[in-house]
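A short write-up of the structure that comes next.
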Amino acid sequence: MQPGLDRWFVDSPRAKVRRLVRVEAMDAVANSNPDTRAVFSAEAAIVVDSLIKRYRDVVAVDGVSFTVARGSFTALLGGNGAGKTTTLAMLLGLVRPTAGTIVILGKDFSRHAKALLAQMNFQSPYADLPRRLTVRQNLTIYAHLYGVVSPKARIRDLAQELDLVSLLDRPLGELSAGQRTRAGLAKAFINLPRLVLLDEPTASLDPDTADWVRGFLARYAREAGATFLIASHNMLEVERLCDQVLMMRQGKIVDSGAPKALIAKYGRNSLEDVFLEVARHGAREAAS
Amino acid sequence: MSAIDSGTPRRIGAVILRHWYLIAGSWPRFLDLCYWPMVQMILWGFIQTFLMRQSSFFAQTGGILLGAVMLWDVLFRGQIGLAISFFEEVYSRNLGHLLATPLKIGEYMAALMAVSLLRTAVGLFPATLCAIWFFGFSLYTLGFALVAFFFSLIAFGWSIGLFVSGLVMRYGLGAESFAWAFIFALAPLCGIYYPTTILPDWVQAISAILPASYIFNGMRAVLIEHTVRTDWLAVAMALNVVWLAGGVAGFLIFHGQARERGMLLQLGE
């Protein structure tokens, strides 16, 4: 592990409170008046309005609206098939929405997708990097794709930050799952993104490596002022990293708020209990 | 955003670099590129040697079969080179990563064509040199016409490669076999080893819309009559524009459908 790497909370308590207040204030106004969402798009990293994705008879995402403040960590929580990955894929332009609008960093995504993607990046268990290429080759390719000015220097810095120096010239296919995840993270941060979308960033990692990865994410957020939208099943991770949680069920956002506020609202001890409550409530609703 | 901007060459170069790393980093892959054109050339070289001893026609038109097989390889390698390069992204589940970068779909198609050109050139060049050494036939005696034949055939290959790649993007790897099936289905129609005039009338009608038919007939005109049929070349070029437009349109339509159905992130082995 890299010595001195920050863990968990990287903001001062005051800065964290400021972020939380900003997120909640924006949510409150946006939810009370849909017409004001565009006004907030200049300050929000993501403004999603009435987003729908329908696959024939299946509605994967059902009229979702939410706002993610710049510089915040937001989690999409939900069971399998809740619509988290589809939502992230629409934010990346990999899935075409059936209806609704997406504004990212103040611009309409449907009209400025490629310009916006230059300022974004992602990691997903659904996408791999070519395993026959070395870590360095993979990162070089993506550095060129994203227009990184000094690819060699950026790769060197990322390798040091993510403890990849000794792995740079090894084919990705020869690495362990944890090492591949770190290489994937290096790709996700190669362009110094302002917005990072992560789908299960610590899945398949041992607790120590997962903890270390969370430390890296928190440090990057602090240093780059970046915004994170994370789909995760790891409640502990969400509770510790995120300012805001969007709880999804059957393609809808059924509740949202700060992790502690949600725990208090549902009268539970942890976010995991809240998640179970929401998921089982949904199952009961479906059954009845 | 416009289709081309200052970052276009860099992004196309990045995709080419990705495939160059793959080929240059693996000698079996490099060998595989050269192996089949070489085997084809040797096989047809001996057939031609045998026929030249048996037939005065072949004796007078030395190299006609070798020329045909090597030009066929331009078409075949051009198409397969493009499709395989696309499949590599699907096999490695890298397509979602690529398409969520600033790389535009037009740039990606251009990069696939460039990679196909590279693979075809690397694969065929040793075979053309060995044909001179083994059988005394130089494809380069076709002169300027060879350049026109090469680009006409590879462009036709790209149009089919783009369409087949689009099919895989839309229908998944189950459609992979079309990459081979499609091109081989066209082989009898475009008169690689015989003039298209020997085909039945209704088959000739199909043959007439294939740019490759004019190229193979044109090659025979150069080797037998020592005439470059610029009229046939012009028809082939015009047909190529139509076929390439069809290939690009097919790729774009299938890409749109794959986005619609959420397949770009899921596509893989």
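Here, A, B, ... name the chains of the structure tokens in the order displayed, residue numbers run from 1 inside each chain, and ligands are numbered from 1 in the same displayed order.
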inquiry  = Neighbouring residues of Val90 of chain B were defined as those with any atom within 9 Å, considering only C-alpha atoms; residues of the same chain fewer than 2 positions away were excluded. Please report them as a PyMOL selection string.
reply    = chain B and resi 86-88+92-96+168-169+172-173+267-269
Residues of the last selection are to be written out with N, CA and C atoms, as a PDB file, in the first residue's frame.
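To be explicit, this is the file written out as result_27.pdb:
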ATOM      1  N   PHE B  86     -12.476  -5.164 -35.583  1.00  0.00           N
ATOM      2  CA  PHE B  86     -13.661  -4.818 -34.805  1.00  0.00           C
ATOM      3  C   PHE B  86     -13.980  -5.925 -33.788  1.00  0.00           C
ATOM      4  N   PHE B  87     -13.893  -7.172 -34.245  1.00  0.00           N
ATOM      5  CA  PHE B  87     -14.204  -8.295 -33.335  1.00  0.00           C
ATOM      6  C   PHE B  87     -13.264  -8.312 -32.125  1.00  0.00           C
ATOM      7  N   GLU B  88     -12.012  -7.886 -32.349  1.00  0.00           N
ATOM      8  CA  GLU B  88     -11.046  -7.849 -31.233  1.00  0.00           C
ATOM      9  C   GLU B  88     -11.603  -7.028 -30.069  1.00  0.00           C
ATOM     10  N   SER B  92     -12.581  -8.642 -26.443  1.00  0.00           N
ATOM     11  CA  SER B  92     -11.931  -8.126 -25.223  1.00  0.00           C
ATOM     12  C   SER B  92     -12.876  -7.242 -24.404  1.00  0.00           C
ATOM     13  N   ARG B  93     -14.110  -7.128 -24.803  1.00  0.00           N
ATOM     14  CA  ARG B  93     -15.135  -6.311 -24.118  1.00  0.00           C
ATOM     15  C   ARG B  93     -14.654  -4.860 -23.938  1.00  0.00           C
ATOM     16  N   ASN B  94     -13.994  -4.366 -24.962  1.00  0.00           N
ATOM     17  CA  ASN B  94     -13.401  -3.029 -24.890  1.00  0.00           C
ATOM     18  C   ASN B  94     -14.240  -1.999 -25.655  1.00  0.00           C
ATOM     19  N   LEU B  95     -15.267  -2.481 -26.371  1.00  0.00           N
ATOM     20  CA  LEU B  95     -16.025  -1.577 -27.241  1.00  0.00           C
ATOM     21  C   LEU B  95     -16.709  -0.460 -26.437  1.00  0.00           C
ATOM     22  N   GLY B  96     -17.254  -0.834 -25.286  1.00  0.00           N
ATOM     23  CA  GLY B  96     -17.915   0.173 -24.435  1.00  0.00           C
ATOM     24  C   GLY B  96     -16.940   1.252 -24.007  1.00  0.00           C
ATOM     25  N   VAL B 168     -22.609  -7.643 -36.273  1.00  0.00           N
ATOM     26  CA  VAL B 168     -22.169  -8.207 -34.987  1.00  0.00           C
ATOM     27  C   VAL B 168     -22.499  -7.242 -33.842  1.00  0.00           C
ATOM     28  N   MET B 169     -22.348  -5.945 -34.109  1.00  0.00           N
ATOM     29  CA  MET B 169     -22.680  -4.951 -33.083  1.00  0.00           C
ATOM     30  C   MET B 169     -24.159  -5.046 -32.719  1.00  0.00           C
ATOM     31  N   GLY B 172     -24.772  -9.381 -32.009  1.00  0.00           N
ATOM     32  CA  GLY B 172     -23.842 -10.107 -31.155  1.00  0.00           C
ATOM     33  C   GLY B 172     -22.953 -11.055 -31.949  1.00  0.00           C
ATOM     34  N   LEU B 173     -22.108 -11.781 -31.222  1.00  0.00           N
ATOM     35  CA  LEU B 173     -21.099 -12.615 -31.883  1.00  0.00           C
ATOM     36  C   LEU B 173     -21.698 -13.799 -32.643  1.00  0.00           C
ATOM     37  N   LEU B 267     -21.842  -6.193 -25.037  1.00  0.00           N
ATOM     38  CA  LEU B 267     -21.300  -7.027 -26.104  1.00  0.00           C
ATOM     39  C   LEU B 267     -19.985  -7.670 -25.689  1.00  0.00           C
ATOM     40  N   GLY B 268     -19.895  -8.975 -25.852  1.00  0.00           N
ATOM     41  CA  GLY B 268     -18.649  -9.672 -25.529  1.00  0.00           C
ATOM     42  C   GLY B 268     -18.844 -11.161 -25.654  1.00  0.00           C
ATOM     43  N   GLU B 269     -17.765 -11.891 -25.358  1.00  0.00           N
ATOM     44  CA  GLU B 269     -17.830 -13.349 -25.483  1.00  0.00           C
ATOM     45  C   GLU B 269     -18.665 -13.939 -24.362  1.00  0.00           C
TER      46      GLU B 269
END
message = Could you tell me which residues of chain A sit within 7 Å of chain B when counting only C-alpha atoms, and give me the result as JSON, numbers by chain?
response = {"A": [55, 92, 93, 94, 95, 96, 112, 114, 115, 117, 118, 126, 127, 128, 129, 130, 131, 133, 141, 144, 145, 146]}
With C-alpha atoms kept, could you save the residues just selected as a PDB file, in the first residue's frame?
ATOM      1  CA  TYR A  55     -36.767  -2.012 -24.092  1.00  0.00           C
ATOM      2  CA  LEU A  92     -22.096   7.820 -21.136  1.00  0.00           C
ATOM      3  CA  GLY A  93     -24.005   7.797 -24.418  1.00  0.00           C
ATOM      4  CA  LEU A  94     -23.802   4.011 -24.691  1.00  0.00           C
ATOM      5  CA  VAL A  95     -27.568   3.632 -24.406  1.00  0.00           C
ATOM      6  CA  ARG A  96     -29.989   5.964 -26.149  1.00  0.00           C
ATOM      7  CA  HIS A 112     -22.393  17.825 -26.959  1.00  0.00           C
ATOM      8  CA  LYS A 114     -18.214  13.859 -27.495  1.00  0.00           C
ATOM      9  CA  ALA A 115     -17.030  17.191 -26.046  1.00  0.00           C
ATOM     10  CA  LEU A 117     -17.018  12.675 -22.803  1.00  0.00           C
ATOM     11  CA  ALA A 118     -13.555  14.268 -23.037  1.00  0.00           C
ATOM     12  CA  TYR A 126     -19.233  -4.720 -18.079  1.00  0.00           C
ATOM     13  CA  ALA A 127     -16.222  -3.298 -19.928  1.00  0.00           C
ATOM     14  CA  ASP A 128     -12.661  -4.600 -19.886  1.00  0.00           C
ATOM     15  CA  LEU A 129      -9.420  -3.365 -21.311  1.00  0.00           C
ATOM     16  CA  PRO A 130      -7.643  -5.567 -23.895  1.00  0.00           C
ATOM     17  CA  ARG A 131      -5.912  -8.242 -21.843  1.00  0.00           C
ATOM     18  CA  LEU A 133      -1.849  -5.451 -24.137  1.00  0.00           C
ATOM     19  CA  ILE A 141      -4.000   4.341 -26.124  1.00  0.00           C
ATOM     20  CA  HIS A 144      -4.251   9.573 -26.899  1.00  0.00           C
ATOM     21  CA  LEU A 145      -7.996   9.019 -27.242  1.00  0.00           C
ATOM     22  CA  TYR A 146      -8.673  11.553 -24.505  1.00  0.00           C
TER      23      TYR A 146
END
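In this structure, atom CA of Thr141 of chain B sits 13.5 Å away from atom CA of Glu225 of chain B.
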inquiry  = I need the residues of segment 94-250 of chain A that end up classed as strand (DSSP E or B) by DSSP on the backbone, written out as a ChimeraX atom specification.
reply    = /A:99-104,107-108,120-123,134,171,195-199,227-232,244-249
request  = For segment 127-130 of chain B, work out the shell of residues within 7 Å, counting only C-alpha atoms and skipping chain neighbours fewer than 2 positions away, then give it as a ChimeraX atom specification.
outcome  = /B:37-38,41,124-125,132-134,138-139
task = Enter the distance from atom CA of Gly174 of chain B to atom CA of Ser116 of chain B, in Å, rounded to one decimal.
result =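 One can read the atom CA of Gly174 of chain B to atom CA of Ser116 of chain B distance as 22.2 Å.
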So that I can check the secondary structure, give me every residue of segment 20-266 of chain A assigned alpha helix (DSSP H) by backbone DSSP, as a CSV table (one decimal) with N, CA and C atoms, in the first residue's frame.
chain,number,residue,atom,x,y,z
A,20,LEU,N,-22.9,19.0,1.4
A,20,LEU,CA,-24.2,18.4,1.7
A,20,LEU,C,-25.3,19.4,1.6
A,21,VAL,N,-25.0,20.6,2.2
A,21,VAL,CA,-26.1,21.6,2.2
A,21,VAL,C,-26.3,22.0,0.7
A,22,ARG,N,-25.3,22.1,-0.1
A,22,ARG,CA,-25.4,22.5,-1.5
A,22,ARG,C,-26.3,21.4,-2.2
A,23,VAL,N,-26.0,20.2,-2.0
A,23,VAL,CA,-26.7,19.1,-2.7
A,23,VAL,C,-28.2,19.1,-2.3
A,24,GLU,N,-28.4,19.2,-1.0
A,24,GLU,CA,-29.8,19.2,-0.5
A,24,GLU,C,-30.6,20.4,-1.0
A,25,ALA,N,-29.9,21.6,-1.0
A,25,ALA,CA,-30.6,22.8,-1.4
A,25,ALA,C,-31.0,22.7,-2.9
A,26,MET,N,-30.1,22.2,-3.7
A,26,MET,CA,-30.4,22.0,-5.1
A,26,MET,C,-31.5,21.0,-5.4
A,27,ASP,N,-31.4,19.9,-4.6
A,27,ASP,CA,-32.5,18.9,-4.8
A,27,ASP,C,-33.8,19.5,-4.4
A,28,ALA,N,-33.9,20.2,-3.3
A,28,ALA,CA,-35.2,20.7,-2.8
A,28,ALA,C,-35.8,21.7,-3.9
A,29,VAL,N,-35.0,22.5,-4.4
A,29,VAL,CA,-35.5,23.5,-5.4
A,29,VAL,C,-35.9,22.8,-6.7
A,30,ALA,N,-35.0,21.9,-7.1
A,30,ALA,CA,-35.2,21.2,-8.4
A,30,ALA,C,-36.5,20.4,-8.3
A,31,ASN,N,-36.6,19.7,-7.2
A,31,ASN,CA,-37.8,18.8,-7.1
A,31,ASN,C,-39.1,19.6,-6.9
A,32,SER,N,-39.0,20.8,-6.4
A,32,SER,CA,-40.2,21.6,-6.2
A,32,SER,C,-40.7,22.2,-7.5
A,37,ARG,N,-34.8,23.4,-13.3
A,37,ARG,CA,-33.6,22.5,-13.3
A,37,ARG,C,-32.5,23.1,-14.3
A,38,ALA,N,-33.0,23.6,-15.4
A,38,ALA,CA,-32.0,24.2,-16.3
A,38,ALA,C,-31.2,25.3,-15.7
A,39,VAL,N,-31.8,26.1,-14.9
A,39,VAL,CA,-31.1,27.2,-14.2
A,39,VAL,C,-29.9,26.6,-13.4
A,40,PHE,N,-30.2,25.5,-12.7
A,40,PHE,CA,-29.2,24.9,-11.9
A,40,PHE,C,-28.2,24.1,-12.6
A,84,LYS,N,-29.7,0.9,-12.4
A,84,LYS,CA,-28.5,1.7,-12.1
A,84,LYS,C,-27.5,1.8,-13.3
A,85,THR,N,-27.2,0.5,-13.8
A,85,THR,CA,-26.2,0.5,-14.9
A,85,THR,C,-26.8,1.1,-16.2
A,86,THR,N,-28.1,0.9,-16.4
A,86,THR,CA,-28.7,1.6,-17.6
A,86,THR,C,-28.6,3.1,-17.5
A,87,THR,N,-28.9,3.6,-16.3
A,87,THR,CA,-28.8,5.0,-16.1
A,87,THR,C,-27.3,5.5,-16.4
A,88,LEU,N,-26.4,4.8,-15.8
A,88,LEU,CA,-25.0,5.2,-16.1
A,88,LEU,C,-24.6,5.1,-17.6
A,89,ALA,N,-25.1,4.1,-18.2
A,89,ALA,CA,-24.8,3.9,-19.7
A,89,ALA,C,-25.5,5.0,-20.5
A,90,MET,N,-26.6,5.5,-20.0
A,90,MET,CA,-27.2,6.6,-20.8
A,90,MET,C,-26.4,7.9,-20.6
A,91,LEU,N,-25.8,8.0,-19.4
A,91,LEU,CA,-25.0,9.2,-19.1
A,91,LEU,C,-23.7,9.2,-19.9
A,109,PHE,N,-26.3,16.9,-23.1
A,109,PHE,CA,-25.5,15.7,-23.5
A,109,PHE,C,-25.8,15.3,-24.9
A,110,SER,N,-27.1,15.3,-25.2
A,110,SER,CA,-27.4,14.8,-26.6
A,110,SER,C,-26.8,15.6,-27.7
A,111,ARG,N,-26.5,16.8,-27.4
A,111,ARG,CA,-25.9,17.7,-28.5
A,111,ARG,C,-24.4,17.8,-28.4
A,112,HIS,N,-23.8,17.6,-27.2
A,112,HIS,CA,-22.4,17.8,-27.0
A,112,HIS,C,-21.7,16.6,-26.4
A,113,ALA,N,-22.2,15.4,-26.8
A,113,ALA,CA,-21.7,14.2,-26.1
A,113,ALA,C,-20.2,14.0,-26.2
A,114,LYS,N,-19.6,14.2,-27.4
A,114,LYS,CA,-18.2,13.9,-27.5
A,114,LYS,C,-17.4,14.9,-26.8
A,115,ALA,N,-17.8,16.2,-26.8
A,115,ALA,CA,-17.0,17.2,-26.0
A,115,ALA,C,-17.1,16.9,-24.5
A,116,LEU,N,-18.3,16.5,-24.1
A,116,LEU,CA,-18.5,16.2,-22.7
A,116,LEU,C,-17.7,14.9,-22.3
A,117,LEU,N,-17.7,13.9,-23.1
A,117,LEU,CA,-17.0,12.7,-22.8
A,117,LEU,C,-15.5,12.9,-22.6
A,135,VAL,N,-0.3,-2.9,-19.4
A,135,VAL,CA,-1.0,-1.8,-18.7
A,135,VAL,C,-0.6,-0.5,-19.4
A,136,ARG,N,0.7,-0.4,-19.6
A,136,ARG,CA,1.2,0.9,-20.2
A,136,ARG,C,0.6,1.1,-21.6
A,137,GLN,N,0.6,0.0,-22.4
A,137,GLN,CA,0.0,0.2,-23.8
A,137,GLN,C,-1.5,0.6,-23.7
A,138,ASN,N,-2.2,0.0,-22.8
A,138,ASN,CA,-3.6,0.4,-22.7
A,138,ASN,C,-3.8,1.8,-22.3
A,139,LEU,N,-3.0,2.2,-21.3
A,139,LEU,CA,-3.1,3.6,-20.8
A,139,LEU,C,-2.6,4.6,-21.9
A,140,THR,N,-1.6,4.2,-22.7
A,140,THR,CA,-1.1,5.1,-23.7
A,140,THR,C,-2.2,5.3,-24.8
A,141,ILE,N,-2.9,4.2,-25.1
A,141,ILE,CA,-4.0,4.3,-26.1
A,141,ILE,C,-5.1,5.3,-25.6
A,142,TYR,N,-5.5,5.1,-24.4
A,142,TYR,CA,-6.6,5.9,-23.8
A,142,TYR,C,-6.1,7.4,-23.6
A,143,ALA,N,-4.8,7.5,-23.3
A,143,ALA,CA,-4.3,8.9,-23.1
A,143,ALA,C,-4.4,9.6,-24.5
A,144,HIS,N,-4.1,8.9,-25.6
A,144,HIS,CA,-4.3,9.6,-26.9
A,144,HIS,C,-5.7,9.8,-27.3
A,145,LEU,N,-6.6,8.9,-26.9
A,145,LEU,CA,-8.0,9.0,-27.2
A,145,LEU,C,-8.6,10.2,-26.5
A,151,PRO,N,1.2,12.2,-22.2
A,151,PRO,CA,0.8,10.8,-21.8
A,151,PRO,C,1.8,10.1,-20.9
A,152,LYS,N,3.1,10.2,-21.2
A,152,LYS,CA,4.1,9.5,-20.4
A,152,LYS,C,4.1,10.0,-19.0
A,153,ALA,N,4.1,11.3,-18.8
A,153,ALA,CA,4.1,11.8,-17.5
A,153,ALA,C,2.9,11.5,-16.7
A,154,ARG,N,1.7,11.5,-17.4
A,154,ARG,CA,0.5,11.2,-16.7
A,154,ARG,C,0.4,9.7,-16.3
A,155,ILE,N,0.9,8.9,-17.2
A,155,ILE,CA,0.9,7.4,-16.9
A,155,ILE,C,1.9,7.2,-15.7
A,156,ARG,N,3.0,7.8,-15.7
A,156,ARG,CA,4.0,7.7,-14.6
A,156,ARG,C,3.3,8.1,-13.3
A,157,ASP,N,2.6,9.3,-13.3
A,157,ASP,CA,2.0,9.8,-12.1
A,157,ASP,C,0.9,8.8,-11.6
A,158,LEU,N,0.1,8.4,-12.5
A,158,LEU,CA,-1.0,7.5,-12.1
A,158,LEU,C,-0.5,6.1,-11.6
A,159,ALA,N,0.6,5.7,-12.3
A,159,ALA,CA,1.2,4.4,-11.8
A,159,ALA,C,1.7,4.5,-10.4
A,160,GLN,N,2.3,5.6,-10.1
A,160,GLN,CA,2.7,5.8,-8.7
A,160,GLN,C,1.6,5.9,-7.7
A,161,GLU,N,0.5,6.7,-8.1
A,161,GLU,CA,-0.6,6.8,-7.2
A,161,GLU,C,-1.4,5.5,-7.0
A,177,ALA,N,-7.2,-10.0,-10.1
A,177,ALA,CA,-8.4,-9.2,-10.3
A,177,ALA,C,-8.2,-7.8,-9.6
A,178,GLY,N,-7.6,-7.8,-8.5
A,178,GLY,CA,-7.3,-6.5,-7.8
A,178,GLY,C,-6.4,-5.6,-8.6
A,179,GLN,N,-5.4,-6.2,-9.2
A,179,GLN,CA,-4.4,-5.4,-10.0
A,179,GLN,C,-5.1,-4.9,-11.3
A,180,ARG,N,-6.0,-5.7,-11.8
A,180,ARG,CA,-6.7,-5.3,-13.0
A,180,ARG,C,-7.7,-4.1,-12.7
A,181,THR,N,-8.3,-4.2,-11.5
A,181,THR,CA,-9.2,-3.1,-11.1
A,181,THR,C,-8.4,-1.8,-11.0
A,182,ARG,N,-7.2,-1.9,-10.4
A,182,ARG,CA,-6.4,-0.7,-10.3
A,182,ARG,C,-6.0,-0.2,-11.7
A,183,ALA,N,-5.7,-1.1,-12.6
A,183,ALA,CA,-5.3,-0.7,-14.0
A,183,ALA,C,-6.5,0.0,-14.6
A,184,GLY,N,-7.7,-0.6,-14.4
A,184,GLY,CA,-9.0,0.0,-14.9
A,184,GLY,C,-9.2,1.4,-14.3
A,185,LEU,N,-8.9,1.5,-13.0
A,185,LEU,CA,-9.0,2.9,-12.4
A,185,LEU,C,-8.0,3.9,-13.0
A,186,ALA,N,-6.8,3.4,-13.3
A,186,ALA,CA,-5.9,4.3,-14.0
A,186,ALA,C,-6.4,4.8,-15.3
A,187,LYS,N,-7.1,3.9,-16.1
A,187,LYS,CA,-7.7,4.3,-17.3
A,187,LYS,C,-8.9,5.3,-17.0
A,188,ALA,N,-9.6,5.1,-16.0
A,188,ALA,CA,-10.7,6.0,-15.6
A,188,ALA,C,-10.3,7.4,-15.2
A,207,PRO,N,-11.1,-6.7,1.1
A,207,PRO,CA,-11.4,-5.5,1.9
A,207,PRO,C,-10.2,-4.4,2.0
A,208,ASP,N,-9.0,-4.9,2.0
A,208,ASP,CA,-7.9,-4.0,2.1
A,208,ASP,C,-7.7,-3.2,0.9
A,209,THR,N,-7.8,-3.9,-0.3
A,209,THR,CA,-7.6,-3.2,-1.6
A,209,THR,C,-8.8,-2.2,-1.8
A,210,ALA,N,-10.0,-2.7,-1.4
A,210,ALA,CA,-11.2,-1.9,-1.6
A,210,ALA,C,-11.1,-0.6,-0.8
A,211,ASP,N,-10.6,-0.8,0.4
A,211,ASP,CA,-10.4,0.4,1.3
A,211,ASP,C,-9.4,1.4,0.7
A,212,TRP,N,-8.3,0.8,0.1
A,212,TRP,CA,-7.3,1.6,-0.5
A,212,TRP,C,-7.8,2.3,-1.7
A,213,VAL,N,-8.7,1.7,-2.5
A,213,VAL,CA,-9.3,2.3,-3.7
A,213,VAL,C,-10.2,3.5,-3.3
A,214,ARG,N,-10.9,3.3,-2.2
A,214,ARG,CA,-11.8,4.3,-1.7
A,214,ARG,C,-11.0,5.5,-1.3
A,215,GLY,N,-9.8,5.3,-0.7
A,215,GLY,CA,-8.9,6.3,-0.3
A,215,GLY,C,-8.4,7.1,-1.6
A,216,PHE,N,-8.1,6.4,-2.6
A,216,PHE,CA,-7.7,7.0,-3.9
A,216,PHE,C,-8.8,7.9,-4.4
A,217,LEU,N,-10.0,7.4,-4.5
A,217,LEU,CA,-11.2,8.2,-5.0
A,217,LEU,C,-11.4,9.4,-4.2
A,218,ALA,N,-11.3,9.3,-2.9
A,218,ALA,CA,-11.6,10.5,-2.0
A,218,ALA,C,-10.5,11.5,-2.3
A,219,ARG,N,-9.2,11.1,-2.4
A,219,ARG,CA,-8.2,12.0,-2.6
A,219,ARG,C,-8.3,12.7,-3.9
A,220,TYR,N,-8.6,11.9,-5.0
A,220,TYR,CA,-8.8,12.6,-6.3
A,220,TYR,C,-9.9,13.6,-6.3
A,221,ALA,N,-11.0,13.2,-5.6
A,221,ALA,CA,-12.1,14.2,-5.5
A,221,ALA,C,-11.7,15.5,-4.9
A,222,ARG,N,-10.9,15.4,-3.8
A,222,ARG,CA,-10.5,16.6,-3.1
A,222,ARG,C,-9.5,17.4,-4.0
A,223,GLU,N,-8.6,16.7,-4.6
A,223,GLU,CA,-7.5,17.5,-5.3
A,223,GLU,C,-8.0,18.0,-6.7
A,224,ALA,N,-8.9,17.3,-7.4
A,224,ALA,CA,-9.4,17.7,-8.7
A,224,ALA,C,-10.7,18.4,-8.6
A,235,MET,N,-22.8,-1.0,0.9
A,235,MET,CA,-23.4,0.0,1.7
A,235,MET,C,-22.4,0.8,2.5
A,236,LEU,N,-21.4,0.0,3.0
A,236,LEU,CA,-20.4,0.6,3.9
A,236,LEU,C,-19.7,1.7,3.1
A,237,GLU,N,-19.4,1.3,1.9
A,237,GLU,CA,-18.6,2.2,1.0
A,237,GLU,C,-19.5,3.5,0.7
A,238,VAL,N,-20.7,3.3,0.4
A,238,VAL,CA,-21.6,4.4,0.1
A,238,VAL,C,-21.8,5.3,1.4
A,239,GLU,N,-21.9,4.7,2.5
A,239,GLU,CA,-22.1,5.4,3.7
A,239,GLU,C,-20.9,6.3,4.0
A,240,ARG,N,-19.8,5.7,3.7
A,240,ARG,CA,-18.6,6.5,4.1
A,240,ARG,C,-18.1,7.5,3.1
A,241,LEU,N,-18.4,7.2,1.8
A,241,LEU,CA,-17.9,8.1,0.7
A,241,LEU,C,-18.9,9.1,0.3
A,259,PRO,N,-26.8,9.9,3.4
A,259,PRO,CA,-26.9,8.6,4.0
A,259,PRO,C,-27.4,8.6,5.5
A,260,LYS,N,-26.9,9.6,6.3
A,260,LYS,CA,-27.3,9.6,7.7
A,260,LYS,C,-28.8,10.0,7.7
A,261,ALA,N,-29.2,10.9,6.9
A,261,ALA,CA,-30.6,11.4,6.9
A,261,ALA,C,-31.5,10.2,6.5
A,262,LEU,N,-31.1,9.4,5.6
A,262,LEU,CA,-31.9,8.2,5.2
A,262,LEU,C,-32.0,7.2,6.3
A,263,ILE,N,-30.9,7.0,7.0
A,263,ILE,CA,-30.8,6.1,8.1
A,263,ILE,C,-31.8,6.6,9.2
A,264,ALA,N,-31.7,7.9,9.5
A,264,ALA,CA,-32.6,8.5,10.5
A,264,ALA,C,-34.1,8.4,10.1
A,265,LYS,N,-34.3,8.7,8.8
A,265,LYS,CA,-35.7,8.7,8.3
A,265,LYS,C,-36.4,7.3,8.4
A,266,TYR,N,-35.6,6.3,8.1
A,266,TYR,CA,-36.2,4.9,8.2
A,266,TYR,C,-36.0,4.3,9.6
